[in-house]
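Participant: upload29.pdb is reproduced below (PDB, C-alpha atoms and all ligand atoms).
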ATOM      1  CA  MET A   1      73.799 102.516  70.277  1.00  0.00           C
ATOM      2  CA  THR A   2      75.043 104.340  67.187  1.00  0.00           C
ATOM      3  CA  ARG A   3      78.711 104.695  66.445  1.00  0.00           C
ATOM      4  CA  ALA A   4      78.445 108.475  66.741  1.00  0.00           C
ATOM      5  CA  LEU A   5      76.955 108.155  70.205  1.00  0.00           C
ATOM      6  CA  ILE A   6      79.687 105.779  71.325  1.00  0.00           C
ATOM      7  CA  ALA A   7      82.353 108.162  70.014  1.00  0.00           C
ATOM      8  CA  CYS A   8      80.650 110.984  71.910  1.00  0.00           C
ATOM      9  CA  PHE A   9      80.764 109.070  75.193  1.00  0.00           C
ATOM     10  CA  ALA A  10      84.377 108.105  74.591  1.00  0.00           C
ATOM     11  CA  ILE A  11      85.400 111.755  74.132  1.00  0.00           C
ATOM     12  CA  ALA A  12      83.428 112.815  77.199  1.00  0.00           C
ATOM     13  CA  ALA A  13      85.027 110.112  79.327  1.00  0.00           C
ATOM     14  CA  SER A  14      88.593 110.793  78.223  1.00  0.00           C
ATOM     15  CA  GLY A  15      88.226 114.587  78.218  1.00  0.00           C
ATOM     16  CA  THR A  16      86.385 115.419  81.392  1.00  0.00           C
ATOM     17  CA  ALA A  17      85.338 112.543  83.584  1.00  0.00           C
ATOM     18  CA  TYR A  18      88.854 111.267  84.352  1.00  0.00           C
ATOM     19  CA  ALA A  19      92.125 113.111  84.754  1.00  0.00           C
ATOM     20  CA  GLN A  20      95.007 110.927  83.617  1.00  0.00           C
ATOM     21  CA  THR A  21      96.655 111.182  87.004  1.00  0.00           C
ATOM     22  CA  TRP A  22      96.947 109.413  90.338  1.00  0.00           C
ATOM     23  CA  ASP A  23      97.644 111.148  93.641  1.00  0.00           C
ATOM     24  CA  GLU A  24      98.772 109.194  96.692  1.00  0.00           C
ATOM     25  CA  GLN A  25      96.549 111.213  99.062  1.00  0.00           C
ATOM     26  CA  ILE A  26      93.623 112.406  96.908  1.00  0.00           C
ATOM     27  CA  ASP A  27      93.041 109.207  94.935  1.00  0.00           C
ATOM     28  CA  GLY A  28      94.793 106.692  97.157  1.00  0.00           C
ATOM     29  CA  GLY A  29      93.443 108.036 100.457  1.00  0.00           C
ATOM     30  CA  GLY A  30      96.765 108.135 102.332  1.00  0.00           C
ATOM     31  CA  ASP A  31     100.347 106.925 102.352  1.00  0.00           C
ATOM     32  CA  ALA A  32     101.107 104.296  99.673  1.00  0.00           C
ATOM     33  CA  GLY A  33     102.513 101.090 101.127  1.00  0.00           C
ATOM     34  CA  ASP A  34     105.967  99.588 100.836  1.00  0.00           C
ATOM     35  CA  PHE A  35     105.523  96.525  98.659  1.00  0.00           C
ATOM     36  CA  PRO A  36     105.848  93.587  99.226  1.00  0.00           C
ATOM     37  CA  ALA A  37     104.320  94.069 102.676  1.00  0.00           C
ATOM     38  CA  PRO A  38     100.717  92.826 102.860  1.00  0.00           C
ATOM     39  CA  ALA A  39      98.452  95.397 101.128  1.00  0.00           C
ATOM     40  CA  GLY A  40     101.706  97.168 100.444  1.00  0.00           C
ATOM     41  CA  PHE A  41     100.748  99.138  97.359  1.00  0.00           C
ATOM     42  CA  GLN A  42      97.975 101.282  95.924  1.00  0.00           C
ATOM     43  CA  ASP A  43      95.942  99.937  93.020  1.00  0.00           C
ATOM     44  CA  THR A  44      95.509 102.763  90.522  1.00  0.00           C
ATOM     45  CA  VAL A  45      91.941 103.141  89.288  1.00  0.00           C
ATOM     46  CA  GLY A  46      91.006 105.039  86.132  1.00  0.00           C
ATOM     47  CA  VAL A  47      90.531 105.058  82.393  1.00  0.00           C
ATOM     48  CA  GLY A  48      92.987 105.621  79.565  1.00  0.00           C
ATOM     49  CA  PRO A  49      96.663 106.588  79.836  1.00  0.00           C
ATOM     50  CA  LEU A  50      98.143 107.105  83.301  1.00  0.00           C
ATOM     51  CA  THR A  51     100.486 110.076  82.850  1.00  0.00           C
ATOM     52  CA  THR A  52     101.485 111.183  86.368  1.00  0.00           C
ATOM     53  CA  ILE A  53     101.646 109.802  89.899  1.00  0.00           C
ATOM     54  CA  THR A  54     102.118 112.402  92.632  1.00  0.00           C
ATOM     55  CA  GLY A  55     102.968 111.848  96.275  1.00  0.00           C
ATOM     56  CA  GLY A  56     105.644 112.208  98.906  1.00  0.00           C
ATOM     57  CA  ILE A  57     108.167 110.261 100.945  1.00  0.00           C
ATOM     58  CA  ASP A  58     107.414 112.046 104.197  1.00  0.00           C
ATOM     59  CA  PHE A  59     109.481 112.523 107.316  1.00  0.00           C
ATOM     60  CA  PHE A  60     106.631 113.508 109.654  1.00  0.00           C
ATOM     61  CA  PRO A  61     108.704 116.116 111.558  1.00  0.00           C
ATOM     62  CA  GLU A  62     106.074 116.360 114.297  1.00  0.00           C
ATOM     63  CA  ILE A  63     107.153 112.891 115.380  1.00  0.00           C
ATOM     64  CA  ALA A  64     110.774 113.104 114.290  1.00  0.00           C
ATOM     65  CA  GLN A  65     111.921 110.090 116.282  1.00  0.00           C
ATOM     66  CA  ILE A  66     109.486 107.828 114.457  1.00  0.00           C
ATOM     67  CA  ARG A  67     109.742 107.406 110.740  1.00  0.00           C
ATOM     68  CA  PHE A  68     107.394 105.194 108.763  1.00  0.00           C
ATOM     69  CA  ASP A  69     107.419 106.419 105.150  1.00  0.00           C
ATOM     70  CA  TRP A  70     110.383 105.151 103.126  1.00  0.00           C
ATOM     71  CA  VAL A  71     108.749 103.681 100.030  1.00  0.00           C
ATOM     72  CA  ASP A  72     105.575 104.296  98.007  1.00  0.00           C
ATOM     73  CA  ALA A  73     104.382 101.528  95.684  1.00  0.00           C
ATOM     74  CA  TYR A  74     101.702 101.593  92.983  1.00  0.00           C
ATOM     75  CA  CYS A  75     100.291  98.939  90.681  1.00  0.00           C
ATOM     76  CA  ILE A  76     100.266  99.989  87.012  1.00  0.00           C
ATOM     77  CA  THR A  77      99.765  98.276  83.658  1.00  0.00           C
ATOM     78  CA  VAL A  78     102.337  98.633  80.866  1.00  0.00           C
ATOM     79  CA  THR A  79     100.557  99.191  77.542  1.00  0.00           C
ATOM     80  CA  ASP A  80     103.488 100.038  75.224  1.00  0.00           C
ATOM     81  CA  ALA A  81     106.754  98.363  76.179  1.00  0.00           C
ATOM     82  CA  GLU A  82     108.968 100.195  73.665  1.00  0.00           C
ATOM     83  CA  GLU A  83     107.588 103.654  74.545  1.00  0.00           C
ATOM     84  CA  PHE A  84     107.231 103.028  78.281  1.00  0.00           C
ATOM     85  CA  TYR A  85     108.922 105.271  80.784  1.00  0.00           C
ATOM     86  CA  ALA A  86     108.469 106.208  84.402  1.00  0.00           C
ATOM     87  CA  THR A  87     110.602 109.169  85.448  1.00  0.00           C
ATOM     88  CA  THR A  88     111.071 111.875  88.049  1.00  0.00           C
ATOM     89  CA  ASP A  89     113.511 113.715  85.733  1.00  0.00           C
ATOM     90  CA  PRO A  90     112.037 116.876  84.161  1.00  0.00           C
ATOM     91  CA  HIS A  91     114.639 116.632  81.397  1.00  0.00           C
ATOM     92  CA  GLN A  92     112.931 113.409  80.304  1.00  0.00           C
ATOM     93  CA  ASP A  93     109.362 114.697  80.753  1.00  0.00           C
ATOM     94  CA  PRO A  94     108.444 118.272  81.759  1.00  0.00           C
ATOM     95  CA  ASN A  95     105.644 116.977  84.022  1.00  0.00           C
ATOM     96  CA  ALA A  96     108.150 115.046  86.167  1.00  0.00           C
ATOM     97  CA  GLY A  97     109.865 116.416  89.235  1.00  0.00           C
ATOM     98  CA  GLY A  98     109.529 117.151  92.931  1.00  0.00           C
ATOM     99  CA  PHE A  99     111.995 117.493  95.782  1.00  0.00           C
ATOM    100  CA  LEU A 100     112.874 113.844  96.328  1.00  0.00           C
ATOM    101  CA  ASP A 101     116.323 112.439  95.440  1.00  0.00           C
ATOM    102  CA  SER A 102     114.614 109.355  94.129  1.00  0.00           C
ATOM    103  CA  ARG A 103     115.216 105.750  93.225  1.00  0.00           C
ATOM    104  CA  LEU A 104     112.659 104.051  90.980  1.00  0.00           C
ATOM    105  CA  TRP A 105     111.910 100.329  90.865  1.00  0.00           C
ATOM    106  CA  LEU A 106     109.722  97.948  88.908  1.00  0.00           C
ATOM    107  CA  PHE A 107     108.726  94.632  90.465  1.00  0.00           C
ATOM    108  CA  ASP A 108     106.536  91.831  89.198  1.00  0.00           C
ATOM    109  CA  LEU A 109     103.539  90.972  91.354  1.00  0.00           C
ATOM    110  CA  GLN A 110     105.483  88.102  92.944  1.00  0.00           C
ATOM    111  CA  GLY A 111     108.025  90.543  94.406  1.00  0.00           C
ATOM    112  CA  ASN A 112     110.887  89.926  91.997  1.00  0.00           C
ATOM    113  CA  VAL A 113     112.750  93.082  91.031  1.00  0.00           C
ATOM    114  CA  VAL A 114     112.539  93.693  87.269  1.00  0.00           C
ATOM    115  CA  MET A 115     114.686  96.826  87.147  1.00  0.00           C
ATOM    116  CA  GLY A 116     115.940  99.721  89.223  1.00  0.00           C
ATOM    117  CA  ASN A 117     117.558 103.106  88.652  1.00  0.00           C
ATOM    118  CA  ASN A 118     119.065 105.755  90.892  1.00  0.00           C
ATOM    119  CA  ASP A 119     119.760 108.611  88.484  1.00  0.00           C
ATOM    120  CA  SER A 120     118.651 109.327  84.945  1.00  0.00           C
ATOM    121  CA  PRO A 121     121.459 109.934  82.398  1.00  0.00           C
ATOM    122  CA  THR A 122     120.295 113.591  82.322  1.00  0.00           C
ATOM    123  CA  ASN A 123     119.932 114.281  86.067  1.00  0.00           C
ATOM    124  CA  ILE A 124     122.134 113.555  89.090  1.00  0.00           C
ATOM    125  CA  PHE A 125     119.177 113.116  91.483  1.00  0.00           C
ATOM    126  CA  LYS A 126     116.106 112.083  89.490  1.00  0.00           C
ATOM    127  CA  SER A 127     115.376 108.627  88.125  1.00  0.00           C
ATOM    128  CA  LEU A 128     114.320 106.961  84.871  1.00  0.00           C
ATOM    129  CA  LEU A 129     112.960 103.507  84.037  1.00  0.00           C
ATOM    130  CA  THR A 130     112.352 102.314  80.469  1.00  0.00           C
ATOM    131  CA  ASP A 131     112.326  99.049  78.604  1.00  0.00           C
ATOM    132  CA  PRO A 132     115.990  97.918  78.527  1.00  0.00           C
ATOM    133  CA  GLY A 133     116.035  98.284  74.712  1.00  0.00           C
ATOM    134  CA  SER A 134     115.001 101.951  74.973  1.00  0.00           C
ATOM    135  CA  TYR A 135     117.192 103.170  77.852  1.00  0.00           C
ATOM    136  CA  PRO A 136     119.381 106.156  76.846  1.00  0.00           C
ATOM    137  CA  GLY A 137     122.396 104.940  78.853  1.00  0.00           C
ATOM    138  CA  ASP A 138     124.186 101.841  80.133  1.00  0.00           C
ATOM    139  CA  VAL A 139     122.172  98.744  81.067  1.00  0.00           C
ATOM    140  CA  PHE A 140     123.522  96.091  83.464  1.00  0.00           C
ATOM    141  CA  ASP A 141     122.369  92.736  84.860  1.00  0.00           C
ATOM    142  CA  ASN A 142     119.931  92.068  82.009  1.00  0.00           C
ATOM    143  CA  PRO A 143     116.607  93.529  83.056  1.00  0.00           C
ATOM    144  CA  PRO A 144     113.900  91.572  81.223  1.00  0.00           C
ATOM    145  CA  SER A 145     111.921  93.227  78.435  1.00  0.00           C
ATOM    146  CA  LEU A 146     108.587  94.621  79.580  1.00  0.00           C
ATOM    147  CA  VAL A 147     105.423  92.727  78.672  1.00  0.00           C
ATOM    148  CA  GLU A 148     102.515  94.725  77.253  1.00  0.00           C
ATOM    149  CA  GLY A 149      99.263  94.259  79.130  1.00  0.00           C
ATOM    150  CA  GLN A 150     101.097  93.068  82.245  1.00  0.00           C
ATOM    151  CA  GLN A 151     100.752  94.636  85.682  1.00  0.00           C
ATOM    152  CA  TYR A 152     103.859  95.773  87.526  1.00  0.00           C
ATOM    153  CA  ILE A 153     104.538  97.350  90.886  1.00  0.00           C
ATOM    154  CA  LEU A 154     106.178 100.752  90.416  1.00  0.00           C
ATOM    155  CA  ALA A 155     107.956 101.746  93.628  1.00  0.00           C
ATOM    156  CA  ILE A 156     109.769 104.946  94.568  1.00  0.00           C
ATOM    157  CA  SER A 157     112.250 105.254  97.422  1.00  0.00           C
ATOM    158  CA  GLY A 158     114.463 108.062  98.706  1.00  0.00           C
ATOM    159  CA  PHE A 159     118.216 107.857  98.109  1.00  0.00           C
ATOM    160  CA  ASP A 160     119.746 105.476  99.032  1.00  0.00           C
ATOM    161  CA  ASN A 161     117.051 103.040 100.084  1.00  0.00           C
ATOM    162  CA  ASP A 162     117.246  99.615  98.424  1.00  0.00           C
ATOM    163  CA  PRO A 163     115.242  96.377  98.515  1.00  0.00           C
ATOM    164  CA  GLU A 164     117.329  93.584 100.054  1.00  0.00           C
ATOM    165  CA  ASP A 165     117.295  89.834 100.572  1.00  0.00           C
ATOM    166  CA  ALA A 166     117.425  88.277 104.054  1.00  0.00           C
ATOM    167  CA  ALA A 167     121.229  88.547 104.112  1.00  0.00           C
ATOM    168  CA  GLY A 168     121.187  92.275 103.274  1.00  0.00           C
ATOM    169  CA  GLU A 169     122.236  91.866  99.624  1.00  0.00           C
ATOM    170  CA  ASN A 170     120.724  94.518  97.315  1.00  0.00           C
ATOM    171  CA  LEU A 171     118.198  93.016  94.874  1.00  0.00           C
ATOM    172  CA  ALA A 172     119.641  95.338  92.217  1.00  0.00           C
ATOM    173  CA  THR A 173     123.084  96.792  92.861  1.00  0.00           C
ATOM    174  CA  LEU A 174     122.639 100.174  91.086  1.00  0.00           C
ATOM    175  CA  GLY A 175     126.456 100.054  91.004  1.00  0.00           C
ATOM    176  CA  LEU A 176     126.672 102.823  88.386  1.00  0.00           C
ATOM    177  CA  SER A 177     124.265 105.604  89.291  1.00  0.00           C
ATOM    178  CA  ASN A 178     122.951 106.596  85.880  1.00  0.00           C
ATOM    179  CA  ALA A 179     122.605 103.068  84.475  1.00  0.00           C
ATOM    180  CA  LEU A 180     119.508 100.875  84.331  1.00  0.00           C
ATOM    181  CA  TRP A 181     119.967  97.755  86.467  1.00  0.00           C
ATOM    182  CA  GLY A 182     118.307  94.366  86.301  1.00  0.00           C
ATOM    183  CA  PRO A 183     118.163  91.785  89.121  1.00  0.00           C
ATOM    184  CA  ASN A 184     121.414  91.221  91.040  1.00  0.00           C
ATOM    185  CA  PRO A 185     122.347  87.582  90.228  1.00  0.00           C
ATOM    186  CA  ASP A 186     123.899  87.199  93.709  1.00  0.00           C
ATOM    187  CA  ALA A 187     120.725  88.206  95.595  1.00  0.00           C
ATOM    188  CA  GLY A 188     117.996  85.938  96.932  1.00  0.00           C
ATOM    189  CA  ALA A 189     114.312  86.703  97.381  1.00  0.00           C
ATOM    190  CA  PHE A 190     112.945  90.092  98.476  1.00  0.00           C
ATOM    191  CA  ASP A 191     112.989  90.244 102.255  1.00  0.00           C
ATOM    192  CA  HIS A 192     112.903  93.914 103.337  1.00  0.00           C
ATOM    193  CA  TRP A 193     113.732  97.491 102.407  1.00  0.00           C
ATOM    194  CA  GLU A 194     116.956  98.853 103.865  1.00  0.00           C
ATOM    195  CA  ASN A 195     115.054 101.835 105.449  1.00  0.00           C
ATOM    196  CA  SER A 196     117.772 104.012 106.930  1.00  0.00           C
ATOM    197  CA  PHE A 197     116.560 106.908 109.049  1.00  0.00           C
ATOM    198  CA  LEU A 198     118.505 109.332 106.834  1.00  0.00           C
ATOM    199  CA  ASP A 199     117.135 108.200 103.460  1.00  0.00           C
ATOM    200  CA  ALA A 200     116.021 111.161 101.345  1.00  0.00           C
ATOM    201  CA  VAL A 201     112.534 112.606 101.810  1.00  0.00           C
ATOM    202  CA  GLY A 202     110.430 114.928  99.656  1.00  0.00           C
ATOM    203  CA  SER A 203     107.579 115.233  97.207  1.00  0.00           C
ATOM    204  CA  TYR A 204     107.623 113.670  93.750  1.00  0.00           C
ATOM    205  CA  THR A 205     105.811 113.608  90.451  1.00  0.00           C
ATOM    206  CA  ILE A 206     106.474 110.462  88.448  1.00  0.00           C
ATOM    207  CA  ALA A 207     105.658 111.077  84.776  1.00  0.00           C
ATOM    208  CA  LEU A 208     104.654 107.983  82.814  1.00  0.00           C
ATOM    209  CA  ASN A 209     104.274 107.020  79.191  1.00  0.00           C
ATOM    210  CA  GLY A 210     103.008 103.769  77.697  1.00  0.00           C
ATOM    211  CA  ALA A 211     101.113 102.877  80.864  1.00  0.00           C
ATOM    212  CA  THR A 212      97.570 102.742  82.175  1.00  0.00           C
ATOM    213  CA  TYR A 213      95.876 102.151  85.497  1.00  0.00           C
ATOM    214  CA  SER A 214      95.902  98.742  87.131  1.00  0.00           C
ATOM    215  CA  THR A 215      92.106  98.758  87.489  1.00  0.00           C
ATOM    216  CA  PRO A 216      89.470 100.250  85.143  1.00  0.00           C
ATOM    217  CA  ALA A 217      86.995 102.487  86.957  1.00  0.00           C
ATOM    218  CA  PRO A 218      83.804 100.487  87.637  1.00  0.00           C
ATOM    219  CA  GLY A 219      81.202 100.957  84.880  1.00  0.00           C
ATOM    220  CA  SER A 220      83.719 102.839  82.741  1.00  0.00           C
ATOM    221  CA  LEU A 221      84.079 102.675  78.975  1.00  0.00           C
ATOM    222  CA  ALA A 222      87.403 100.936  79.555  1.00  0.00           C
ATOM    223  CA  ALA A 223      85.558  98.134  81.325  1.00  0.00           C
ATOM    224  CA  LEU A 224      83.187  97.910  78.360  1.00  0.00           C
ATOM    225  CA  ALA A 225      86.133  98.040  75.986  1.00  0.00           C
ATOM    226  CA  GLY A 226      87.624  95.160  77.933  1.00  0.00           C
ATOM    227  CA  ALA A 227      84.510  93.203  76.980  1.00  0.00           C
ATOM    228  CA  GLY A 228      85.282  93.971  73.333  1.00  0.00           C
ATOM    229  CA  LEU A 229      82.281  96.187  72.640  1.00  0.00           C
ATOM    230  CA  ILE A 230      83.725  99.671  72.234  1.00  0.00           C
ATOM    231  CA  MET A 231      87.108  98.804  70.753  1.00  0.00           C
ATOM    232  CA  THR A 232      85.513  96.795  67.945  1.00  0.00           C
ATOM    233  CA  ARG A 233      83.089  99.579  67.105  1.00  0.00           C
ATOM    234  CA  ARG A 234      85.720 102.312  67.205  1.00  0.00           C
ATOM    235  CA  ARG A 235      88.161 100.437  64.994  1.00  0.00           C
ATOM    236  CA  ARG A 236      85.474 100.198  62.321  1.00  0.00           C
ATOM    237  CA  ALA A 237      84.548 103.904  62.508  1.00  0.00           C
TER     238      ALA A 237
HETATM  239 CA    CA B   1     104.225 108.371 100.894  1.00  0.00          CA
HETATM  240 CA    CA B   2     104.900 104.889 101.942  1.00  0.00          CA
HETATM  241 CA    CA B   3     118.667 109.494  92.774  1.00  0.00          CA
HETATM  242 CA    CA B   4     121.437 101.577 100.180  1.00  0.00          CA
END
With the file now loaded, output its structure as structure tokens.
Facilitator:
Amino acid sequence: MTRALIACFAIAASGTAYAQTWDEQIDGGGDAGDFPAPAGFQDTVGVGPLTTITGGIDFFPEIAQIRFDWVDAYCITVTDAEEFYATTDPHQDPNAGGFLDSRLWLFDLQGNVVMGNNDSPTNIFKSLLTDPGSYPGDVFDNPPSLVEGQQYILAISGFDNDPEDAAGENLATLGLSNALWGPNPDAGAFDHWENSFLDAVGSYTIALNGATYSTPAPGSLAALAGAGLIMTRRRRA
């Protein structure tokens, strides 16, 4: 294959074949799970940057006495730690927003909380996660630096739903609303979400930067690039 041909395919794939988005219902096929429950998250499948995740924490008013959507969790890959963000705050990214008074969380795949945030420094409801070195506000409890190429679970909950250990201790305290919080040193292992009936509900758009899907689309150029073929050619061009 010539270099020109490869470039052509790359443009076609990034421009038309794949939107840089993920939707809980359209792409995920239904409600995203509440990690770390078994099968408790959606793998995101696609090519190139993942720029928005859309969905909802839903109350299901037709069955108001039964509530079963408190948390939506997605697996993503961080590609640029310094530039990474995940936010529901339109002041941070105009594509972000929705009606949910959100909390955002990053976990490692083992279920350890990496960081959490209730409110962005520029919004009293919406949330912002970044690498701790890039956060435009106070940072507490030493969230670890993000690792490029590593998969994380990005979870969104409605205010004021928190992950807790078996004794009910919050895994991250979020003691100051607009700060970025690392793991609570007094908490044990993830046991459950607090899941109060009155936790906030609504739709959300999480805008992302410095991230890609957890899984390349089968047969995609990204899968080929993973094998070293395309990236090597394109760097030389
Ligand atoms: Ca949902
Ligand atoms: Ca859910
Ligand atoms: Ca909030
Ligand atoms: Ca709480």
Participant: I need the output of the PyMOL selection byres (((not hetatm)) within 12 of (chain B and resi 1)) for this file as a PDB file with C-alpha atoms, in the coordinates of the input; which residues are they?
Facilitator:
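Result saved to result.pdb:
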ATOM      1  CA  ASP A  23      97.644 111.148  93.641  1.00  0.00           C
ATOM      2  CA  GLU A  24      98.772 109.194  96.692  1.00  0.00           C
ATOM      3  CA  GLN A  25      96.549 111.213  99.062  1.00  0.00           C
ATOM      4  CA  GLY A  28      94.793 106.692  97.157  1.00  0.00           C
ATOM      5  CA  GLY A  29      93.443 108.036 100.457  1.00  0.00           C
ATOM      6  CA  GLY A  30      96.765 108.135 102.332  1.00  0.00           C
ATOM      7  CA  ASP A  31     100.347 106.925 102.352  1.00  0.00           C
ATOM      8  CA  ALA A  32     101.107 104.296  99.673  1.00  0.00           C
ATOM      9  CA  GLY A  33     102.513 101.090 101.127  1.00  0.00           C
ATOM     10  CA  ASP A  34     105.967  99.588 100.836  1.00  0.00           C
ATOM     11  CA  GLY A  40     101.706  97.168 100.444  1.00  0.00           C
ATOM     12  CA  PHE A  41     100.748  99.138  97.359  1.00  0.00           C
ATOM     13  CA  GLN A  42      97.975 101.282  95.924  1.00  0.00           C
ATOM     14  CA  ILE A  53     101.646 109.802  89.899  1.00  0.00           C
ATOM     15  CA  THR A  54     102.118 112.402  92.632  1.00  0.00           C
ATOM     16  CA  GLY A  55     102.968 111.848  96.275  1.00  0.00           C
ATOM     17  CA  GLY A  56     105.644 112.208  98.906  1.00  0.00           C
ATOM     18  CA  ILE A  57     108.167 110.261 100.945  1.00  0.00           C
ATOM     19  CA  ASP A  58     107.414 112.046 104.197  1.00  0.00           C
ATOM     20  CA  PHE A  59     109.481 112.523 107.316  1.00  0.00           C
ATOM     21  CA  PHE A  60     106.631 113.508 109.654  1.00  0.00           C
ATOM     22  CA  ARG A  67     109.742 107.406 110.740  1.00  0.00           C
ATOM     23  CA  PHE A  68     107.394 105.194 108.763  1.00  0.00           C
ATOM     24  CA  ASP A  69     107.419 106.419 105.150  1.00  0.00           C
ATOM     25  CA  TRP A  70     110.383 105.151 103.126  1.00  0.00           C
ATOM     26  CA  VAL A  71     108.749 103.681 100.030  1.00  0.00           C
ATOM     27  CA  ASP A  72     105.575 104.296  98.007  1.00  0.00           C
ATOM     28  CA  ALA A  73     104.382 101.528  95.684  1.00  0.00           C
ATOM     29  CA  TYR A  74     101.702 101.593  92.983  1.00  0.00           C
ATOM     30  CA  LEU A 100     112.874 113.844  96.328  1.00  0.00           C
ATOM     31  CA  ALA A 155     107.956 101.746  93.628  1.00  0.00           C
ATOM     32  CA  ILE A 156     109.769 104.946  94.568  1.00  0.00           C
ATOM     33  CA  SER A 157     112.250 105.254  97.422  1.00  0.00           C
ATOM     34  CA  GLY A 158     114.463 108.062  98.706  1.00  0.00           C
ATOM     35  CA  VAL A 201     112.534 112.606 101.810  1.00  0.00           C
ATOM     36  CA  GLY A 202     110.430 114.928  99.656  1.00  0.00           C
ATOM     37  CA  SER A 203     107.579 115.233  97.207  1.00  0.00           C
ATOM     38  CA  TYR A 204     107.623 113.670  93.750  1.00  0.00           C
ATOM     39  CA  THR A 205     105.811 113.608  90.451  1.00  0.00           C
TER      40      THR A 205
END
Participant: Compute the set of protein, DNA and RNA residues whose minimum atom distance to ligand CA 3 (chain B) is at most 7 Å, using all atoms listed in the file, and state it as a list in words.
Facilitator: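 The distance check yields Asp101, Ser102, Arg103, Asn118, Asp119, Ile124, Phe125, Lys126, Ser127 and Phe159 of chain A.
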Participant: Can you write just those residues out, C-alpha atoms, as a PDB file, in the coordinates of the input?
Facilitator:
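Below you can see selection_5.pdb, which holds the result:
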ATOM      1  CA  ASP A 101     116.323 112.439  95.440  1.00  0.00           C
ATOM      2  CA  SER A 102     114.614 109.355  94.129  1.00  0.00           C
ATOM      3  CA  ARG A 103     115.216 105.750  93.225  1.00  0.00           C
ATOM      4  CA  ASN A 118     119.065 105.755  90.892  1.00  0.00           C
ATOM      5  CA  ASP A 119     119.760 108.611  88.484  1.00  0.00           C
ATOM      6  CA  ILE A 124     122.134 113.555  89.090  1.00  0.00           C
ATOM      7  CA  PHE A 125     119.177 113.116  91.483  1.00  0.00           C
ATOM      8  CA  LYS A 126     116.106 112.083  89.490  1.00  0.00           C
ATOM      9  CA  SER A 127     115.376 108.627  88.125  1.00  0.00           C
ATOM     10  CA  PHE A 159     118.216 107.857  98.109  1.00  0.00           C
TER      11      PHE A 159
END
Participant: Kindly provide, as a list in words, the polymer residues lying within 8 Å of (97.6, 98.2, 91.0), counting only C-alpha atoms and using the coordinates exactly as they appear in the file.
Facilitator: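 Returned residue set, sorted by chain then number, is Phe41, Gln42, Asp43, Thr44, Val45, Tyr74, Cys75, Ile76, Thr77, Gln151, Tyr152, Ile153, Tyr213, Ser214 and Thr215 of chain A.
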Participant: Given the selection you just returned, output its residues as a file containing C-alpha atoms, formatted as a short mmCIF file (atom, residue, chain, number, x, y, z; two decimals), in the frame of the given file.
Facilitator:
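Result went into again-v4.cif, see below:
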data_model
loop_
_atom_site.label_atom_id
_atom_site.label_comp_id
_atom_site.auth_asym_id
_atom_site.auth_seq_id
_atom_site.Cartn_x
_atom_site.Cartn_y
_atom_site.Cartn_z
CA PHE A 41 100.75 99.14 97.36
CA GLN A 42 97.98 101.28 95.92
CA ASP A 43 95.94 99.94 93.02
CA THR A 44 95.51 102.76 90.52
CA VAL A 45 91.94 103.14 89.29
CA TYR A 74 101.70 101.59 92.98
CA CYS A 75 100.29 98.94 90.68
CA ILE A 76 100.27 99.99 87.01
CA THR A 77 99.76 98.28 83.66
CA GLN A 151 100.75 94.64 85.68
CA TYR A 152 103.86 95.77 87.53
CA ILE A 153 104.54 97.35 90.89
CA TYR A 213 95.88 102.15 85.50
CA SER A 214 95.90 98.74 87.13
CA THR A 215 92.11 98.76 87.49
#
Participant: Have a look at CA of Asp160 in chain A and CA of Val139 in chain A and let me know their distance in Å, one decimal.
Facilitator: 19.3 Å
Participant: To one decimal place, how far is CA of Ser196 in chain A from CA of Gly168 in chain A in Å?
Facilitator: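 Spanning CA of Ser196 in chain A to CA of Gly168 in chain A is a straight-line distance of 12.8 Å.
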Participant: If we count all atoms listed in the file and set the cut-off at 8 Å, which residues sit around Asp162 in chain A, ignoring sequence neighbours fewer than 2 positions away in its own chain? Please answer as a PyMOL selection string.
Facilitator: chain A and resi 157+160+164+170-172+193-195
Participant: Distance CA of Asp93 in chain A-CA of Ala207 in chain A, one decimal place?
Facilitator: 6.6 Å
Participant: Which one is closest to Gly111 in chain A: A:Leu129, A:Ala19, A:Val147, A:Ala189? Count only C-alpha atoms.
Facilitator: A:Ala189
Participant: With the PyMOL selection byres (((chain A and resi 128) around 9) and not hetatm) as the selection, what would be picked from this file? Answer as a list of chain:residue names, please.
Facilitator: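 After applying the PyMOL selection byres (((chain A and resi 128) around 9) and not hetatm), what remains is A:Tyr85, A:Ala86, A:Thr87, A:Thr88, A:Asp89, A:Gln92, A:Arg103, A:Leu104, A:Gly116, A:Asn117, A:Asn118, A:Asp119, A:Ser120, A:Pro121, A:Lys126, A:Ser127, A:Leu129, A:Thr130, A:Tyr135, A:Asn178, A:Leu180.
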Participant: If we count only C-alpha atoms and set the cut-off at 12 Å, which residues sit around Asn112 in chain A, ignoring sequence neighbours fewer than 6 positions away in its own chain? Please answer as a PyMOL selection string.
Facilitator: chain A and resi 35-36+105-106+143-144+152-154+163-165+171-172+182-185+187-191
Participant: Rank A:Pro218, A:Val113, A:Leu50, A:Ala37 by their smallest atom-to-atom distance to ligand CA 2 (chain B), using only C-alpha atoms and all ligand atoms, and report the top residue only.
Facilitator: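 Ranking A:Pro218, A:Val113, A:Leu50, A:Ala37 by distance to ligand CA 2 (chain B), first place goes to A:Ala37.
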Participant: Once 5 Å is added on each side, what centre and edge lengths in Å to one decimal does the axis-aligned box around all listed atoms of range 101-112 of chain A have, as lines of an AutoDock Vina configuration file?
Facilitator:
center_x = 109.9
center_y = 100.3
center_z = 92.2
size_x = 22.8
size_y = 34.3
size_z = 16.5
